[in-house]
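Engineer: Before I ask anything, here is the structure I am working with.
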Amino acid sequence: MELKPGSENEDCRPVILVVHDVEEVRNGIEHLLETTGYKVVSARNGTDAIEKTRAQPPNLILVSLPGPGQSVIAAALRVRAGAGLSLKLPIVIFCVETIGAGTELEVADSIYLIRPDNFDQLRALLRSLVPISPVNG
């Protein structure tokens, strides 16, 4: 399902906060998620993410930052806590070192690790966590 900017249902789309430090990669992820039907808010680091989250609370946080898995998880938790978001708000973290190709792993309540090499798998996980409503008309 693809929504065109300016469509009447645009404001009803679930919001995903994408946190990635490389602008080109962040823009690519944003494009893929928007063509899937999500509204995307982008941030370059944890501080930027907290500010953006306060202005536009997300339905899910997608994090892809450099560093070992545990430090990226800690950064994602700081964003969720620093913005005062619910502990139930899902966090999906791109992680290459921790899990094998084609797998996803729930490491804690509402925290998932996934490899960034399969967008269909990511899309399925996101839809299970934050469903997209069908467009009427």
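As shown in the structure tokens, the chain order sets the letters A, B, ...; within each chain, residues go from 1, and ligands are also counted from 1 in the order they appear.
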Determine, counting only C-alpha atoms, which protein, DNA and RNA residues have an atom within 7 Å of an atom of Asn59 of chain A; residues of the same chain fewer than 6 positions away are not included. Present the result as a list in words.
Structural biologist: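 Using only C-alpha atoms, the neighbours found are Pro14, Val15, Ile16, Leu89 and Val130 of chain A.
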Engineer: Taking the chain letters and numbering used in this document, name the residues of chain A that DSSP puts in helix (DSSP H, G or I), as number ranges by chain.
Structural biologist: A: 10-12, 23-36, 46-55, 69-82, 119-129
Engineer: For Arg26 of chain A, work out the shell of residues within 12 Å, counting only C-alpha atoms and skipping chain neighbours fewer than 2 positions away, then give it as a count of residues only.
Structural biologist: 24
Engineer: Figure out the distance between atom CA of Gln56 of chain A and atom CA of Pro116 of chain A, please, to one decimal in Å.
Structural biologist: 24.7 Å
Engineer: Pull the strand (DSSP E or B) assignments for segment 17-69 of chain A out of DSSP run on the backbone, and list those residues as a ChimeraX atom specification.
Structural biologist: /A:17-20,39-43,60-64
Engineer: Store the residues of this selection in a file with C-alpha atoms, as a PDB file, in the first residue's frame.
Structural biologist:
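New file selection03.pdb:
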ATOM      1  CA  LEU A  17      11.001   7.288  14.474  1.00  0.00           C
ATOM      2  CA  VAL A  18      14.149   6.276  12.555  1.00  0.00           C
ATOM      3  CA  VAL A  19      17.425   6.905  14.374  1.00  0.00           C
ATOM      4  CA  HIS A  20      20.500   6.523  12.157  1.00  0.00           C
ATOM      5  CA  LYS A  39       4.843   8.295   8.432  1.00  0.00           C
ATOM      6  CA  VAL A  40       8.529   8.693   9.304  1.00  0.00           C
ATOM      7  CA  VAL A  41      10.317  11.082  11.611  1.00  0.00           C
ATOM      8  CA  SER A  42      14.111  10.913  11.297  1.00  0.00           C
ATOM      9  CA  ALA A  43      16.826  11.627  13.847  1.00  0.00           C
ATOM     10  CA  LEU A  60       7.602   2.588  17.089  1.00  0.00           C
ATOM     11  CA  ILE A  61      11.316   3.452  17.229  1.00  0.00           C
ATOM     12  CA  LEU A  62      13.697   1.948  14.654  1.00  0.00           C
ATOM     13  CA  VAL A  63      17.353   2.332  15.659  1.00  0.00           C
ATOM     14  CA  SER A  64      20.478   1.715  13.621  1.00  0.00           C
TER      15      SER A  64
END
Engineer: Report, in Å to a single decimal, how far apart atom CA of Asp117 of chain A and atom CA of Glu51 of chain A are.
Structural biologist: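 One can read the atom CA of Glu51 of chain A to atom CA of Asp117 of chain A distance as 28.7 Å.
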Engineer: When you count only C-alpha atoms, which of these residues is closest to Val92 of chain A: A:Val79, A:Leu126, A:Gly69, A:Thr35?
Structural biologist: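 When distances to Val92 of chain A are compared using only C-alpha atoms, the smallest one comes from A:Leu126.
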Engineer: Please provide as a list in words all residues within 9 Å of Arg123 of chain A, with the sequence filter that same-chain residues fewer than 5 positions apart are discarded (counting only C-alpha atoms).
Structural biologist: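 In the requested format, the answer is Leu33, Thr36, Asn118 and Ser128 of chain A.
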Engineer: Pull C-alpha atoms from the residues just selected and write them as a PDB file, in the first residue's frame.
Structural biologist:
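Below is the file that was written, selection-v4.pdb:
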ATOM      1  CA  LEU A  33       8.954   2.940   5.219  1.00  0.00           C
ATOM      2  CA  THR A  36       5.041   0.922   2.859  1.00  0.00           C
ATOM      3  CA  ASN A 118      15.973  -8.235   4.482  1.00  0.00           C
ATOM      4  CA  SER A 128       2.918  -7.130  13.368  1.00  0.00           C
TER       5      SER A 128
END
Engineer: Quick one: of A:Cys95, A:Ala49, A:Ala81, A:Leu87, who's nearest to Pro68 of chain A, counting only C-alpha atoms?
Structural biologist: A:Cys95
Engineer: Between A:Ile132, A:Ile111, A:Cys12, A:Val72, which has the minimum distance to Ile91 of chain A (counting only C-alpha atoms)?
Structural biologist: A:Ile111
Engineer: What does the structure give for the distance between atom CA of Ile50 of chain A and atom CA of Gly84 of chain A, in Å to one decimal?
Structural biologist: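 Interatomic distance here is 9.0 Å.
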